[in-house]
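> The structure that follows is given in the form of structure tokens.
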Amino acid sequence: MSSDQLLNRAFELDSADPLAHWRDRFVIDDPDLSYLDGNSLGMLPRSTVHRIHEVMNDEWGSGLIRSWQKWLNLPLVVGNELAPLLGADDGEVVVHDSTSINLHQLLHAAVRLRPGRTAIAVDAYEFPTDRYAVEAVAREHGLDVISPPAGQRLDEMPLDECAVIVRSLIDYRTAEIADLVGFTLRAHEAGALVIWDLSHAVGAIELDLHAADVDMAIGCTYKYLNGGPGAPAFSYVRSNLISDIDQPIRGWFGQDDQFAMDSAWSPKPGIGRLMIGTPSILALEAARCGIELSSEAGMPAIAAKGRALTDFAHECCDELRLDSVSPRDAYIRGSHIAIRHSDAKEITQRLARDYSVIADYRDPDLIRLGCSPLTTRYGDVARATIHLASMVRQ
């Protein structure tokens, strides 16, 4: 199939796309830009612009300190709005702080729930924050950090000594989806807990944390949920574990009666005990707008388009003889694909500079094409791979 045929095929797919109109709900400064880095920072929803203006003028500007009456529990309110996208219930999710802080918090709590265990497990190629957090918490608790040997996976290593395992559901390099149900069950059979990192999964694929019997999870809201740069992250804890959580990072927003200033520590009942300090209200409201869009569009439709976009990306790669290292089966692949080339970094820079294609680079040799279902067009995928192939052949 020629480049023109691929572009025509993309035009047909875009014309028939039932989610195409959702792109109009976002700020599109340059309609000719092919933005394929939404898996690192999603586009700006138009509703966010309106909502932040409203909060600044009406709630901060006019309401002043009085607006804290509605802001105090906003992390819990937004958590309940996010919960259906995770397959969770009200009272199991709180949106607060950053992914790194939330992971440290849950790691400390999980280790304390498994006394006598000697290790925390994490893959040596896991996302840096996850590895750094595991190393720090293991050191503080006198535990070992264990990883599968080269050439093996967490699925294959023994877990009997593990207090907790930290694992991304979707590999940030290749987009491979781990076996959420199977691995969680295997960890439970070994007596361990699992903290799943859902940063590349939430808003991209359908999730059912209850069906998988997931213990704990964390993730960000600035990727497929379009929450904005530095948007707050979320924590999930299964309802029957929440009361056992010993809050390791204490702040006044996690206190049961936070305005009883001279009281001893007594954590909030429920997931609110994970709250720490004063939340960023503007950031929470921005995250809320992105969550609302995904909820309105519906995760079945979003996930289906993500599979179709990445299937088409693989079709383009095959026709243009590009080396994708992402899984071919769309049901074990997230919403990006990774193309391998020895000059990946330079190619990624040239795509942006010369062709108005914004992709992403990951060491040592991967070009990531992020396909955000609400904003990415099939034409964006076709143009990106065609220009990429032209540079590879030079």
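Chain labels run A, B, ... following the order of the structure tokens; each chain numbers its residues from 1, and ligands are numbered from 1 in the order shown.
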Residues near segment 56-63 of chain A, anyone? I mean within 12 Å using only C-alpha atoms, not counting same-chain ones fewer than 6 positions away, as a PyMOL selection string.
chain A and resi 48-50+69-71+281-283+285-286
> So which one's closest to His108 of chain A, A:Asp24, A:Asp160, A:Asp32, A:Asp246? Using only C-alpha atoms, please.
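Of A:Asp24, A:Asp160, A:Asp32, A:Asp246, the one nearest His108 of chain A is A:Asp246, counting only C-alpha atoms.
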> Could you list, as an NGL selection string, every residue within 7 Å of segment 345-362 of chain A, counting only C-alpha atoms and ignoring same-chain residues fewer than 2 positions away?
:A and (33-37 or 173 or 343 or 364-369 or 384)
> Once you have the residues from the selection above, write them out as a compact mmCIF listing (two decimals), in the first residue's frame, restricted to N, CA and C atoms.

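The new file selection.txt reads:
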# COMPACT_ATOMS: atom_id res chain seq x y z
N LEU A 33 -1.38 20.05 13.13
CA LEU A 33 -0.43 19.35 13.99
C LEU A 33 -0.92 17.94 14.26
N SER A 34 -0.03 16.97 14.10
CA SER A 34 -0.33 15.59 14.49
C SER A 34 0.26 15.39 15.88
N TYR A 35 -0.62 15.42 16.88
CA TYR A 35 -0.18 15.34 18.28
C TYR A 35 -0.29 13.91 18.76
N LEU A 36 0.85 13.24 18.87
CA LEU A 36 0.90 11.84 19.26
C LEU A 36 1.71 11.66 20.53
N ASP A 37 1.54 12.63 21.44
CA ASP A 37 2.20 12.57 22.74
C ASP A 37 1.19 12.77 23.87
N ARG A 173 7.02 1.60 27.90
CA ARG A 173 7.80 1.56 26.67
C ARG A 173 7.01 0.88 25.54
N ASP A 343 18.31 5.54 15.49
CA ASP A 343 18.34 7.01 15.53
C ASP A 343 17.02 7.58 16.05
N PRO A 364 16.39 3.10 24.91
CA PRO A 364 17.49 3.69 24.14
C PRO A 364 17.16 3.95 22.68
N ASP A 365 16.06 3.38 22.16
CA ASP A 365 15.86 3.41 20.71
C ASP A 365 14.39 3.36 20.30
N LEU A 366 13.50 3.90 21.13
CA LEU A 366 12.08 3.78 20.85
C LEU A 366 11.42 5.13 20.56
N ILE A 367 10.60 5.15 19.53
CA ILE A 367 9.72 6.28 19.22
C ILE A 367 8.31 5.86 19.60
N ARG A 368 7.70 6.58 20.53
CA ARG A 368 6.34 6.23 20.97
C ARG A 368 5.33 7.11 20.24
N LEU A 369 4.31 6.47 19.71
CA LEU A 369 3.20 7.18 19.10
C LEU A 369 1.98 6.95 19.98
N ALA A 384 2.30 10.55 10.56
CA ALA A 384 3.48 10.31 11.39
C ALA A 384 4.31 9.15 10.86
> Excluding same-chain residues fewer than 4 positions from Ile337 of chain A, what lies within 12 Å of it counting only C-alpha atoms, as a PyMOL selection string?
chain A and resi 36-37+39+170-177+306-307+309-317+322-330+332-333+359-362+366-372+381+385
> Nearest to Arg377 of chain A among A:Arg66, A:Arg25, A:Lys305, A:His336, with distances taken over only C-alpha atoms: which residue is it?
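Residue with the minimum atom-to-atom distance to Arg377 of chain A: A:Lys305.
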> Using only C-alpha atoms, which residues sit within 7 Å of Asp215 of chain A once same-chain residues fewer than 2 positions away are excluded, as a ChimeraX atom specification?
/A:193-195,213,237-238
> Identify, on the basis of only C-alpha atoms, every residue whose closest approach to Val78 of chain A does not exceed 10 Å; exclude the query and any residue fewer than 4 positions from it along the same chain; express the result as a ChimeraX atom specification.
/A:73-74,82-83,93-96,234,284-285,287-289,291-292
> Which is closest to Gly227 of chain A among A:Leu103, A:Gly182, A:Gly142, A:Gly42, if we use only C-alpha atoms?
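Of A:Leu103, A:Gly182, A:Gly142, A:Gly42, the one nearest Gly227 of chain A, counting only C-alpha atoms, is A:Gly42.
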> Write down as a PyMOL selection string the residues belonging to segment 222-340 of chain A that are assigned strand (DSSP E or B) by DSSP computed on the backbone.
chain A and resi 234-237+255+267+324+333+336-340
> How would the residues just chosen look if you wrote them out with N, CA and C atoms as a CSV table (one decimal), in the first residue's frame?

chain,number,residue,atom,x,y,z
A,234,PHE,N,-4.1,9.8,41.7
A,234,PHE,CA,-5.2,9.2,42.6
A,234,PHE,C,-4.6,8.0,43.3
A,235,SER,N,-5.3,7.6,44.4
A,235,SER,CA,-5.0,6.4,45.1
A,235,SER,C,-6.3,5.6,45.2
A,236,TYR,N,-6.2,4.3,45.0
A,236,TYR,CA,-7.3,3.4,45.2
A,236,TYR,C,-6.9,2.4,46.3
A,237,VAL,N,-7.8,2.1,47.2
A,237,VAL,CA,-7.6,1.0,48.1
A,237,VAL,C,-8.9,0.2,48.2
A,255,GLN,N,-6.7,14.1,59.0
A,255,GLN,CA,-7.2,14.0,60.4
A,255,GLN,C,-8.7,14.0,60.4
A,267,PRO,N,-7.1,9.3,62.3
A,267,PRO,CA,-7.3,9.4,60.8
A,267,PRO,C,-8.8,9.5,60.5
A,324,SER,N,7.8,-2.1,14.8
A,324,SER,CA,7.1,-1.9,16.0
A,324,SER,C,7.4,-3.0,17.0
A,333,ARG,N,-2.6,-4.7,24.4
A,333,ARG,CA,-1.8,-3.5,24.1
A,333,ARG,C,-2.5,-2.3,24.5
A,336,HIS,N,-0.8,3.1,22.9
A,336,HIS,CA,0.4,3.7,22.1
A,336,HIS,C,1.1,2.5,21.5
A,337,ILE,N,1.9,2.8,20.5
A,337,ILE,CA,2.8,1.8,20.0
A,337,ILE,C,4.2,2.4,20.0
A,338,ALA,N,5.2,1.5,20.0
A,338,ALA,CA,6.6,1.9,20.1
A,338,ALA,C,7.3,1.3,18.9
A,339,ILE,N,8.0,2.2,18.2
A,339,ILE,CA,8.8,1.8,16.9
A,339,ILE,C,10.2,1.9,17.3
A,340,ARG,N,11.0,0.9,16.9
A,340,ARG,CA,12.4,0.8,17.3
A,340,ARG,C,13.2,1.3,16.1
> List every residue of segment 200-346 of chain A that DSSP, applied to the backbone of this structure, places in alpha helix (DSSP H), and write the result as JSON, numbers by chain.
{"A": [239, 240, 241, 242, 281, 282, 283, 284, 285, 286, 287, 288, 289, 290, 291, 292, 293, 294, 295, 296, 297, 299, 300, 301, 302, 303, 304, 305, 306, 307, 308, 309, 310, 311, 312, 313, 314, 315, 316, 317, 318, 319, 320, 344, 345, 346]}
> Output C-alpha atoms for every residue in the selection just made, as an mmCIF file, in the first residue's frame.

data_model
loop_
_atom_site.group_PDB
_atom_site.id
_atom_site.type_symbol
_atom_site.label_atom_id
_atom_site.label_comp_id
_atom_site.auth_asym_id
_atom_site.auth_seq_id
_atom_site.Cartn_x
_atom_site.Cartn_y
_atom_site.Cartn_z
ATOM 1 C CA SER A 239 -12.784 -1.166 50.687
ATOM 2 C CA ASN A 240 -12.022 -4.018 53.103
ATOM 3 C CA LEU A 241 -8.391 -2.878 53.427
ATOM 4 C CA ILE A 242 -8.983 0.831 54.039
ATOM 5 C CA ILE A 281 -8.196 23.290 44.124
ATOM 6 C CA LEU A 282 -7.498 24.671 40.641
ATOM 7 C CA ALA A 283 -5.628 21.492 39.688
ATOM 8 C CA LEU A 284 -8.391 19.297 41.095
ATOM 9 C CA GLU A 285 -11.033 21.160 39.107
ATOM 10 C CA ALA A 286 -8.967 20.811 35.924
ATOM 11 C CA ALA A 287 -8.582 17.076 36.523
ATOM 12 C CA ARG A 288 -12.309 16.885 37.180
ATOM 13 C CA CYS A 289 -13.101 18.300 33.737
ATOM 14 C CA GLY A 290 -10.981 15.685 31.997
ATOM 15 C CA ILE A 291 -12.540 12.887 34.045
ATOM 16 C CA GLU A 292 -16.010 14.171 33.132
ATOM 17 C CA LEU A 293 -15.197 14.019 29.411
ATOM 18 C CA SER A 294 -14.017 10.399 29.610
ATOM 19 C CA SER A 295 -17.059 9.465 31.663
ATOM 20 C CA GLU A 296 -19.384 11.117 29.166
ATOM 21 C CA ALA A 297 -17.757 9.484 26.143
ATOM 22 C CA MET A 299 -14.778 3.781 28.386
ATOM 23 C CA PRO A 300 -16.080 1.001 26.091
ATOM 24 C CA ALA A 301 -16.105 3.416 23.136
ATOM 25 C CA ILE A 302 -12.793 5.021 24.129
ATOM 26 C CA ALA A 303 -11.053 1.660 24.521
ATOM 27 C CA ALA A 304 -12.454 0.390 21.228
ATOM 28 C CA LYS A 305 -11.093 3.401 19.352
ATOM 29 C CA GLY A 306 -7.732 3.013 21.088
ATOM 30 C CA ARG A 307 -7.513 -0.554 19.796
ATOM 31 C CA ALA A 308 -8.551 0.550 16.310
ATOM 32 C CA LEU A 309 -6.029 3.411 16.202
ATOM 33 C CA THR A 310 -3.147 1.206 17.278
ATOM 34 C CA ASP A 311 -4.262 -1.565 14.906
ATOM 35 C CA PHE A 312 -4.104 1.003 12.105
ATOM 36 C CA ALA A 313 -0.688 2.150 13.350
ATOM 37 C CA HIS A 314 0.544 -1.426 13.006
ATOM 38 C CA GLU A 315 -0.991 -1.630 9.547
ATOM 39 C CA CYS A 316 0.994 1.475 8.597
ATOM 40 C CA CYS A 317 4.169 0.053 10.127
ATOM 41 C CA ASP A 318 3.787 -3.161 8.132
ATOM 42 C CA GLU A 319 3.193 -1.334 4.873
ATOM 43 C CA LEU A 320 6.099 1.057 5.487
ATOM 44 C CA ALA A 344 15.049 7.247 17.432
ATOM 45 C CA LYS A 345 15.917 10.388 19.372
ATOM 46 C CA GLU A 346 16.990 12.372 16.307
#
> Within 8 Å of Ala88 of chain A, counting only C-alpha atoms, which residues qualify if same-chain residues fewer than 6 places away don't, as a ChimeraX atom specification?
/A:208-210
> Restricting it to N, CA and C atoms, dump the selection as a tab-separated table (two decimals), in the first residue's frame.

chain	number	residue	atom	x	y	z
A	208	ASP	N	-11.53	-2.92	35.63
A	208	ASP	CA	-12.47	-3.41	36.64
A	208	ASP	C	-11.64	-3.92	37.81
A	209	LEU	N	-11.26	-3.00	38.69
A	209	LEU	CA	-10.40	-3.36	39.81
A	209	LEU	C	-11.09	-4.33	40.77
A	210	HIS	N	-12.40	-4.22	40.90
A	210	HIS	CA	-13.13	-5.14	41.77
A	210	HIS	C	-13.07	-6.56	41.23
> Just how far from atom CA of Gln247 of chain A is atom CA of Gly272 of chain A, in Å to one decimal?
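Calculated distance between atom CA of Gly272 of chain A and atom CA of Gln247 of chain A is 10.3 Å.
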> Please identify every residue of segment 71-101 of chain A that has at least one atom no farther than 12 Å from an atom of segment 122-140 of chain A, counting only C-alpha atoms, and for each give the shortest atom pair and the distance in Å to one decimal, arranged by chain then increasing number, as a Markdown table.

| residue | atom | partner | partner_atom | distance |
| --- | --- | --- | --- | --- |
| A:Ser98 | CA | A:Thr129 | CA | 10.8 |
| A:Thr99 | CA | A:Thr129 | CA | 8.3 |
| A:Ser100 | CA | A:Thr129 | CA | 6.2 |
| A:Ile101 | CA | A:Ala133 | CA | 8.8 |
> For the atom pair atom CA of Ser335 of chain A and atom CA of Ile205 of chain A, what is the interatomic distance in Å to one decimal place?
7.7 Å
> For Ala192 of chain A, which residue out of A:Arg250, A:His387, A:Arg114, A:Arg153 is the nearest one, using only C-alpha atoms?
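Result for the nearest residue to Ala192 of chain A: A:Arg114.
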